[in-house]
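upload17.cif follows; it contains mmCIF, C-alpha atoms.
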```cif
data_final
#
loop_
_atom_site.label_atom_id
_atom_site.label_comp_id
_atom_site.auth_asym_id
_atom_site.auth_seq_id
_atom_site.Cartn_x
_atom_site.Cartn_y
_atom_site.Cartn_z
CA GLU G 1411 178.79 63.76 186.37
CA THR G 1412 180.59 67.07 186.79
CA TYR G 1413 184.26 67.71 186.05
CA LEU G 1414 186.28 70.74 187.06
CA ILE G 1415 189.56 71.27 185.20
CA GLU G 1416 191.94 73.61 187.05
CA ARG G 1417 195.44 74.36 185.80
CA LYS G 1418 197.10 75.48 189.02
CA LEU G 1419 195.50 74.47 192.26
CA ASP G 1420 197.73 76.77 194.33
CA ASN G 1421 197.55 79.78 192.02
CA CYS G 1422 196.98 83.27 193.35
CA LYS G 1423 195.11 84.97 190.52
CA PRO G 1424 195.71 88.63 189.61
CA CYS G 1425 192.43 89.87 191.01
CA GLY G 1426 191.66 92.66 193.42
CA GLY G 1427 189.38 90.31 195.35
CA ALA G 1428 186.39 92.61 195.78
CA ILE G 1429 183.08 90.74 196.03
CA PRO G 1430 179.58 92.09 196.57
CA LEU G 1431 178.11 91.25 199.97
CA CYS G 1432 175.14 89.55 198.34
CA MET G 1433 177.58 86.94 197.00
CA ILE G 1434 178.29 85.70 200.54
CA GLU G 1435 174.66 84.77 201.11
CA GLU G 1436 173.89 83.75 197.52
CA PHE G 1437 176.83 81.32 197.35
CA ASP G 1438 176.52 80.31 201.02
CA LEU G 1439 180.06 81.43 201.82
CA PRO G 1440 181.34 81.54 205.39
CA MET G 1441 181.88 85.09 206.67
CA ASP G 1442 185.53 84.35 207.46
CA ILE G 1443 186.18 84.11 203.71
CA VAL G 1444 186.16 87.93 203.80
CA ASP G 1445 189.75 88.95 204.54
CA ARG G 1446 189.15 92.72 204.77
CA LYS G 1447 186.20 95.08 204.91
CA VAL G 1448 186.78 98.15 202.77
CA ARG G 1449 184.62 101.28 202.70
CA LYS G 1450 186.40 103.21 199.94
CA MET G 1451 188.83 102.32 197.20
CA THR G 1452 190.12 103.51 193.86
CA MET G 1453 190.11 101.12 190.92
CA ILE G 1454 192.65 101.91 188.21
CA SER G 1455 192.24 100.43 184.73
CA PRO G 1456 195.12 99.34 182.47
CA THR G 1457 194.59 102.62 180.60
CA ASN G 1458 195.10 104.48 183.90
CA LYS G 1459 191.45 105.54 184.26
CA GLU G 1460 190.48 105.88 187.93
CA VAL G 1461 187.07 105.06 189.40
CA GLN G 1462 186.15 105.79 193.01
CA ILE G 1463 184.27 102.92 194.66
CA GLY G 1464 182.25 103.06 197.87
CA GLN G 1465 180.74 106.53 197.66
CA THR G 1466 177.17 105.17 197.76
CA LEU G 1467 177.67 102.70 200.63
CA LYS G 1468 175.39 103.04 203.64
CA ASP G 1469 176.88 103.21 207.17
CA ASP G 1470 176.55 99.47 207.75
CA GLU G 1471 177.79 98.41 204.28
CA TYR G 1472 181.27 97.58 203.05
CA ILE G 1473 183.07 95.98 200.16
CA GLY G 1474 184.18 92.46 201.02
CA MET G 1475 187.76 91.74 200.01
CA VAL G 1476 188.87 88.14 199.62
CA ARG G 1477 192.14 86.46 198.77
CA ARG G 1478 191.45 84.62 195.53
CA GLU G 1479 193.55 81.58 196.42
CA VAL G 1480 191.44 81.14 199.58
CA LEU G 1481 188.08 81.71 197.86
CA ASP G 1482 188.96 79.53 194.86
CA ASP G 1483 190.21 76.70 197.09
CA PHE G 1484 187.04 76.86 199.18
CA LEU G 1485 184.79 76.72 196.10
CA ARG G 1486 186.82 73.89 194.51
CA ASN G 1487 186.72 71.82 197.72
CA ARG G 1488 182.98 72.35 198.09
CA ALA G 1489 182.44 71.29 194.48
CA GLY G 1490 184.44 68.14 195.19
CA GLU G 1491 182.46 67.43 198.36
CA ASN G 1492 179.31 67.66 196.25
CA GLY G 1493 180.52 65.15 193.68
CA ALA G 1494 182.55 67.11 191.13
CA LYS G 1495 185.66 65.35 189.89
CA LEU G 1496 188.61 67.74 190.15
CA ILE G 1497 191.20 67.44 187.39
CA ASN G 1498 194.56 69.15 187.80
CA GLY G 1499 195.04 69.91 184.13
CA LEU G 1500 195.39 72.44 181.34
CA PHE G 1501 192.50 72.74 178.87
CA MET G 1502 193.91 72.57 175.34
CA GLY G 1503 190.91 72.45 173.04
CA MET G 1504 187.41 71.29 172.30
CA THR G 1505 185.78 69.43 169.44
CA LEU G 1506 182.18 70.52 168.96
CA PRO G 1507 179.44 67.96 168.39
CA THR G 1508 178.20 67.71 164.80
CA SER G 1509 174.79 66.34 165.78
CA LYS G 1510 172.50 66.44 168.82
CA ASP G 1511 173.46 62.86 169.70
CA GLU G 1512 177.18 63.59 169.99
CA SER G 1513 179.18 64.92 172.93
CA TYR G 1514 181.74 67.69 173.20
CA VAL G 1515 185.25 66.26 173.32
CA LEU G 1516 187.63 68.18 175.56
CA THR G 1517 191.37 67.78 175.17
CA TYR G 1518 193.52 68.61 178.18
CA ASN G 1519 196.95 67.93 179.59
CA ASP G 1520 196.61 66.02 182.87
CA LEU G 1521 199.12 67.58 185.29
CA GLU G 1522 198.42 65.27 188.24
CA GLY G 1523 201.59 64.65 190.25
CA GLN G 1524 203.70 67.13 188.27
CA GLU G 1525 205.25 70.23 189.82
CA GLY G 1526 207.00 73.39 188.71
CA ASN G 1527 206.71 75.57 185.62
CA ALA G 1528 208.05 72.91 183.23
CA ARG G 1529 205.01 70.65 183.67
CA LYS G 1530 203.82 69.28 180.35
CA GLY G 1531 201.22 66.78 181.44
CA VAL G 1532 199.73 63.74 179.77
CA LYS G 1533 197.35 64.43 176.88
CA LYS G 1534 193.84 63.13 177.64
CA THR G 1535 190.32 63.58 176.31
CA LEU G 1536 186.97 63.76 178.04
CA GLU G 1537 183.51 63.47 176.48
CA VAL G 1538 180.87 65.73 178.04
CA ASP G 1539 177.36 66.98 177.31
CA VAL G 1540 177.78 70.58 178.52
CA VAL G 1541 180.80 72.88 178.81
CA ILE G 1542 180.94 75.93 181.06
CA GLY G 1543 184.00 78.12 180.70
CA ALA G 1544 184.82 79.95 183.91
CA ASP G 1545 188.41 80.82 183.19
CA GLY G 1546 188.29 84.58 182.88
CA ALA G 1547 188.45 87.23 180.22
CA ASN G 1548 191.03 85.42 178.08
CA SER G 1549 189.15 82.13 178.16
CA ARG G 1550 190.43 79.19 176.13
CA VAL G 1551 186.89 77.80 176.13
#
```
I need this file expressed as structure tokens, please.
Amino acid sequence: ETYLIERKLDNCKPCGGAIPLCMIEEFDLPMDIVDRKVRKMTMISPTNKEVQIGQTLKDDEYIGMVRREVLDDFLRNRAGENGAKLINGLFMGMTLPTSKDESYVLTYNDLEGQEGNARKGVKKTLEVDVVIGADGANSRV
């Protein structure tokens, strides 16, 4: 069994959306997932350092730009179609196993059916054998 816990199913993440072209083939993404084809861009870090991107591209190459809410929704739906159970919830914590025969115990707030910023959710737990955190640089996992 596979579970995917996602806090906001309609969230547009703060991401530039640049993906390498090899990702389209490697993850079997449809070409229409690419919203824009960019040949040059400037990335600016939080410390205001600028990096020029695209200087080494060949004539037939580009940087694929996607809208994260579209890409994320596509990937979530495909995971669901392949058997993953999607949980609209907020991960709160994890209890580590103390022996090889025990499971990880995830604690999360189930947000199913709740809307708006004041959602609190219903506290639930889930026992699993493996945990993969894919929630970004400030991961709770």
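Distances to Cys1425 (chain G) were evaluated for G:Lys1530, G:Arg1488, G:Lys1459, G:Arg1477 using all atoms listed in the file, and the minimum falls at G:Arg1477.
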Have a look at G:Ile1454, G:Val1461, G:Leu1516, G:Val1480 and name the one nearest to Cys1422 (chain G); count all atoms listed in the file.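 Once distances to Cys1422 (chain G) are computed over all atoms listed in the file, the minimum belongs to G:Val1480.
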Here is a test: counting all atoms listed in the file, which residue of G:Phe1484, G:Asn1498, G:Val1540, G:Asp1520 is nearest to Arg1417 (chain G)? G:Asn1498
Hey, can you check how far CA of Arg1446 (chain G) sits from CA of Ser1549 (chain G)? 28.6 Å
How far is it from CA of Pro1456 (chain G) to CA of Lys1418 (chain G), in Å with one decimal?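 Interatomic distance here is 24.8 Å.
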Evaluate the PyMOL selection byres ((chain G and resi 1433-1444) around 6) and record the selected residues as a short mmCIF file (atom, residue, chain, number, x, y, z; two decimals) with C-alpha atoms, keeping the file's coordinate frame, following the chain and residue labels used in the document.
```
data_model
loop_
_atom_site.label_atom_id
_atom_site.label_comp_id
_atom_site.auth_asym_id
_atom_site.auth_seq_id
_atom_site.Cartn_x
_atom_site.Cartn_y
_atom_site.Cartn_z
CA PRO G 1430 179.58 92.09 196.57
CA LEU G 1431 178.11 91.25 199.97
CA CYS G 1432 175.14 89.55 198.34
CA ASP G 1445 189.75 88.95 204.54
CA ARG G 1446 189.15 92.72 204.77
CA GLY G 1474 184.18 92.46 201.02
CA MET G 1475 187.76 91.74 200.01
CA VAL G 1476 188.87 88.14 199.62
#
```
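Each of G:Lys1423, G:Arg1449, G:Lys1534, G:Arg1550 was compared to Gly1464 (chain G) using all atoms listed in the file, and G:Arg1449 turns out to be the nearest.
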Residues around (198.8, 68.2, 178.8), cut-off 7 Å, counting all atoms listed in the file - what are they as a ChimeraX atom specification? /G:1499-1500,1518-1521,1530-1533
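Going from CA of Val1515 (chain G) over to CA of Arg1486 (chain G), you cover 22.6 Å.
Here the PyMOL selection byres ((chain G and resi 1415) around 6) captures the residues Leu1414, Glu1416, Ile1497 and Gly1499 of chain G.
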Given only C-alpha atoms as the basis, pick out the residue of G:Asp1539, G:Ile1473, G:Asp1483, G:Gln1524 nearest to Ser1509 (chain G). G:Asp1539
Please return region 1466-1477 of chain G, rebuilt to all heavy atoms, as a PDB file, in the coordinates of the input.
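Produced file out16.pdb, reproduced below:
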```
ATOM      1  N   THR G1466     178.608 105.339 197.526  1.00  0.00           N
ATOM      2  CA  THR G1466     177.170 105.170 197.760  1.00  0.00           C
ATOM      3  C   THR G1466     176.863 104.163 198.876  1.00  0.00           C
ATOM      4  O   THR G1466     175.704 103.838 199.104  1.00  0.00           O
ATOM      5  CB  THR G1466     176.470 104.706 196.465  1.00  0.00           C
ATOM      6  OG1 THR G1466     177.025 103.457 196.054  1.00  0.00           O
ATOM      7  CG2 THR G1466     176.637 105.740 195.362  1.00  0.00           C
ATOM      8  N   LEU G1467     177.898 103.678 199.558  1.00  0.00           N
ATOM      9  CA  LEU G1467     177.670 102.700 200.630  1.00  0.00           C
ATOM     10  C   LEU G1467     176.957 103.352 201.814  1.00  0.00           C
ATOM     11  O   LEU G1467     177.236 104.494 202.183  1.00  0.00           O
ATOM     12  CB  LEU G1467     178.998 102.121 201.114  1.00  0.00           C
ATOM     13  CG  LEU G1467     179.745 101.209 200.141  1.00  0.00           C
ATOM     14  CD1 LEU G1467     181.095 100.816 200.733  1.00  0.00           C
ATOM     15  CD2 LEU G1467     178.925  99.985 199.819  1.00  0.00           C
ATOM     16  N   LYS G1468     176.039 102.587 202.417  1.00  0.00           N
ATOM     17  CA  LYS G1468     175.390 103.040 203.640  1.00  0.00           C
ATOM     18  C   LYS G1468     176.334 102.782 204.819  1.00  0.00           C
ATOM     19  O   LYS G1468     177.343 102.094 204.672  1.00  0.00           O
ATOM     20  CB  LYS G1468     174.072 102.291 203.824  1.00  0.00           C
ATOM     21  CG  LYS G1468     173.077 102.575 202.703  1.00  0.00           C
ATOM     22  CD  LYS G1468     171.783 101.842 202.926  1.00  0.00           C
ATOM     23  CE  LYS G1468     170.819 102.193 201.810  1.00  0.00           C
ATOM     24  NZ  LYS G1468     170.453 101.081 200.978  1.00  0.00           N
ATOM     25  N   ASP G1469     175.992 103.312 206.000  1.00  0.00           N
ATOM     26  CA  ASP G1469     176.880 103.210 207.170  1.00  0.00           C
ATOM     27  C   ASP G1469     177.222 101.779 207.553  1.00  0.00           C
ATOM     28  O   ASP G1469     178.326 101.519 208.035  1.00  0.00           O
ATOM     29  CB  ASP G1469     176.256 103.927 208.376  1.00  0.00           C
ATOM     30  CG  ASP G1469     176.253 105.439 208.202  1.00  0.00           C
ATOM     31  OD1 ASP G1469     177.020 105.938 207.345  1.00  0.00           O
ATOM     32  OD2 ASP G1469     175.492 106.112 208.910  1.00  0.00           O
ATOM     33  N   ASP G1470     176.307 100.852 207.346  1.00  0.00           N
ATOM     34  CA  ASP G1470     176.550  99.470 207.750  1.00  0.00           C
ATOM     35  C   ASP G1470     177.035  98.585 206.596  1.00  0.00           C
ATOM     36  O   ASP G1470     177.125  97.370 206.730  1.00  0.00           O
ATOM     37  CB  ASP G1470     175.293  98.858 208.370  1.00  0.00           C
ATOM     38  CG  ASP G1470     174.136  98.802 207.382  1.00  0.00           C
ATOM     39  OD1 ASP G1470     174.134  99.575 206.401  1.00  0.00           O
ATOM     40  OD2 ASP G1470     173.224  97.979 207.583  1.00  0.00           O
ATOM     41  N   GLU G1471     177.360  99.178 205.443  1.00  0.00           N
ATOM     42  CA  GLU G1471     177.790  98.410 204.280  1.00  0.00           C
ATOM     43  C   GLU G1471     179.291  98.546 204.068  1.00  0.00           C
ATOM     44  O   GLU G1471     179.916  99.512 204.504  1.00  0.00           O
ATOM     45  CB  GLU G1471     177.050  98.891 203.022  1.00  0.00           C
ATOM     46  CG  GLU G1471     175.571  98.611 203.059  1.00  0.00           C
ATOM     47  CD  GLU G1471     174.857  99.125 201.824  1.00  0.00           C
ATOM     48  OE1 GLU G1471     175.274 100.145 201.245  1.00  0.00           O
ATOM     49  OE2 GLU G1471     173.874  98.489 201.434  1.00  0.00           O
ATOM     50  N   TYR G1472     179.844  97.572 203.387  1.00  0.00           N
ATOM     51  CA  TYR G1472     181.270  97.580 203.050  1.00  0.00           C
ATOM     52  C   TYR G1472     181.483  96.717 201.814  1.00  0.00           C
ATOM     53  O   TYR G1472     180.595  96.004 201.370  1.00  0.00           O
ATOM     54  CB  TYR G1472     182.112  97.061 204.231  1.00  0.00           C
ATOM     55  CG  TYR G1472     181.751  95.659 204.661  1.00  0.00           C
ATOM     56  CD1 TYR G1472     182.345  94.554 204.073  1.00  0.00           C
ATOM     57  CD2 TYR G1472     180.799  95.441 205.661  1.00  0.00           C
ATOM     58  CE1 TYR G1472     182.006  93.264 204.464  1.00  0.00           C
ATOM     59  CE2 TYR G1472     180.464  94.159 206.054  1.00  0.00           C
ATOM     60  CZ  TYR G1472     181.073  93.079 205.451  1.00  0.00           C
ATOM     61  OH  TYR G1472     180.732  91.811 205.831  1.00  0.00           O
ATOM     62  N   ILE G1473     182.670  96.814 201.284  1.00  0.00           N
ATOM     63  CA  ILE G1473     183.070  95.980 200.160  1.00  0.00           C
ATOM     64  C   ILE G1473     183.891  94.838 200.754  1.00  0.00           C
ATOM     65  O   ILE G1473     184.886  95.073 201.444  1.00  0.00           O
ATOM     66  CB  ILE G1473     183.911  96.775 199.146  1.00  0.00           C
ATOM     67  CG1 ILE G1473     183.105  97.970 198.623  1.00  0.00           C
ATOM     68  CG2 ILE G1473     184.385  95.883 198.003  1.00  0.00           C
ATOM     69  CD1 ILE G1473     183.939  99.054 197.999  1.00  0.00           C
ATOM     70  N   GLY G1474     183.449  93.618 200.500  1.00  0.00           N
ATOM     71  CA  GLY G1474     184.180  92.460 201.020  1.00  0.00           C
ATOM     72  C   GLY G1474     185.376  92.157 200.138  1.00  0.00           C
ATOM     73  O   GLY G1474     185.251  92.037 198.926  1.00  0.00           O
ATOM     74  N   MET G1475     186.533  92.061 200.750  1.00  0.00           N
ATOM     75  CA  MET G1475     187.760  91.740 200.010  1.00  0.00           C
ATOM     76  C   MET G1475     188.188  90.321 200.389  1.00  0.00           C
ATOM     77  O   MET G1475     188.247  89.982 201.576  1.00  0.00           O
ATOM     78  CB  MET G1475     188.877  92.723 200.375  1.00  0.00           C
ATOM     79  CG  MET G1475     188.521  94.178 200.084  1.00  0.00           C
ATOM     80  SD  MET G1475     188.238  94.533 198.346  1.00  0.00           S
ATOM     81  CE  MET G1475     189.876  94.337 197.684  1.00  0.00           C
ATOM     82  N   VAL G1476     188.444  89.516 199.394  1.00  0.00           N
ATOM     83  CA  VAL G1476     188.870  88.140 199.620  1.00  0.00           C
ATOM     84  C   VAL G1476     190.217  87.913 198.958  1.00  0.00           C
ATOM     85  O   VAL G1476     190.599  88.626 198.031  1.00  0.00           O
ATOM     86  CB  VAL G1476     187.848  87.122 199.077  1.00  0.00           C
ATOM     87  CG1 VAL G1476     186.505  87.265 199.758  1.00  0.00           C
ATOM     88  CG2 VAL G1476     187.692  87.241 197.574  1.00  0.00           C
ATOM     89  N   ARG G1477     190.930  86.925 199.447  1.00  0.00           N
ATOM     90  CA  ARG G1477     192.140  86.460 198.770  1.00  0.00           C
ATOM     91  C   ARG G1477     191.682  85.372 197.813  1.00  0.00           C
ATOM     92  O   ARG G1477     191.077  84.392 198.236  1.00  0.00           O
ATOM     93  CB  ARG G1477     193.150  85.952 199.787  1.00  0.00           C
ATOM     94  CG  ARG G1477     193.704  87.082 200.623  1.00  0.00           C
ATOM     95  CD  ARG G1477     194.703  86.662 201.677  1.00  0.00           C
ATOM     96  NE  ARG G1477     195.583  85.599 201.248  1.00  0.00           N
ATOM     97  CZ  ARG G1477     195.966  84.600 202.042  1.00  0.00           C
ATOM     98  NH1 ARG G1477     195.555  84.543 203.298  1.00  0.00           N
ATOM     99  NH2 ARG G1477     196.769  83.666 201.601  1.00  0.00           N
TER     100      ARG G1477
END
```
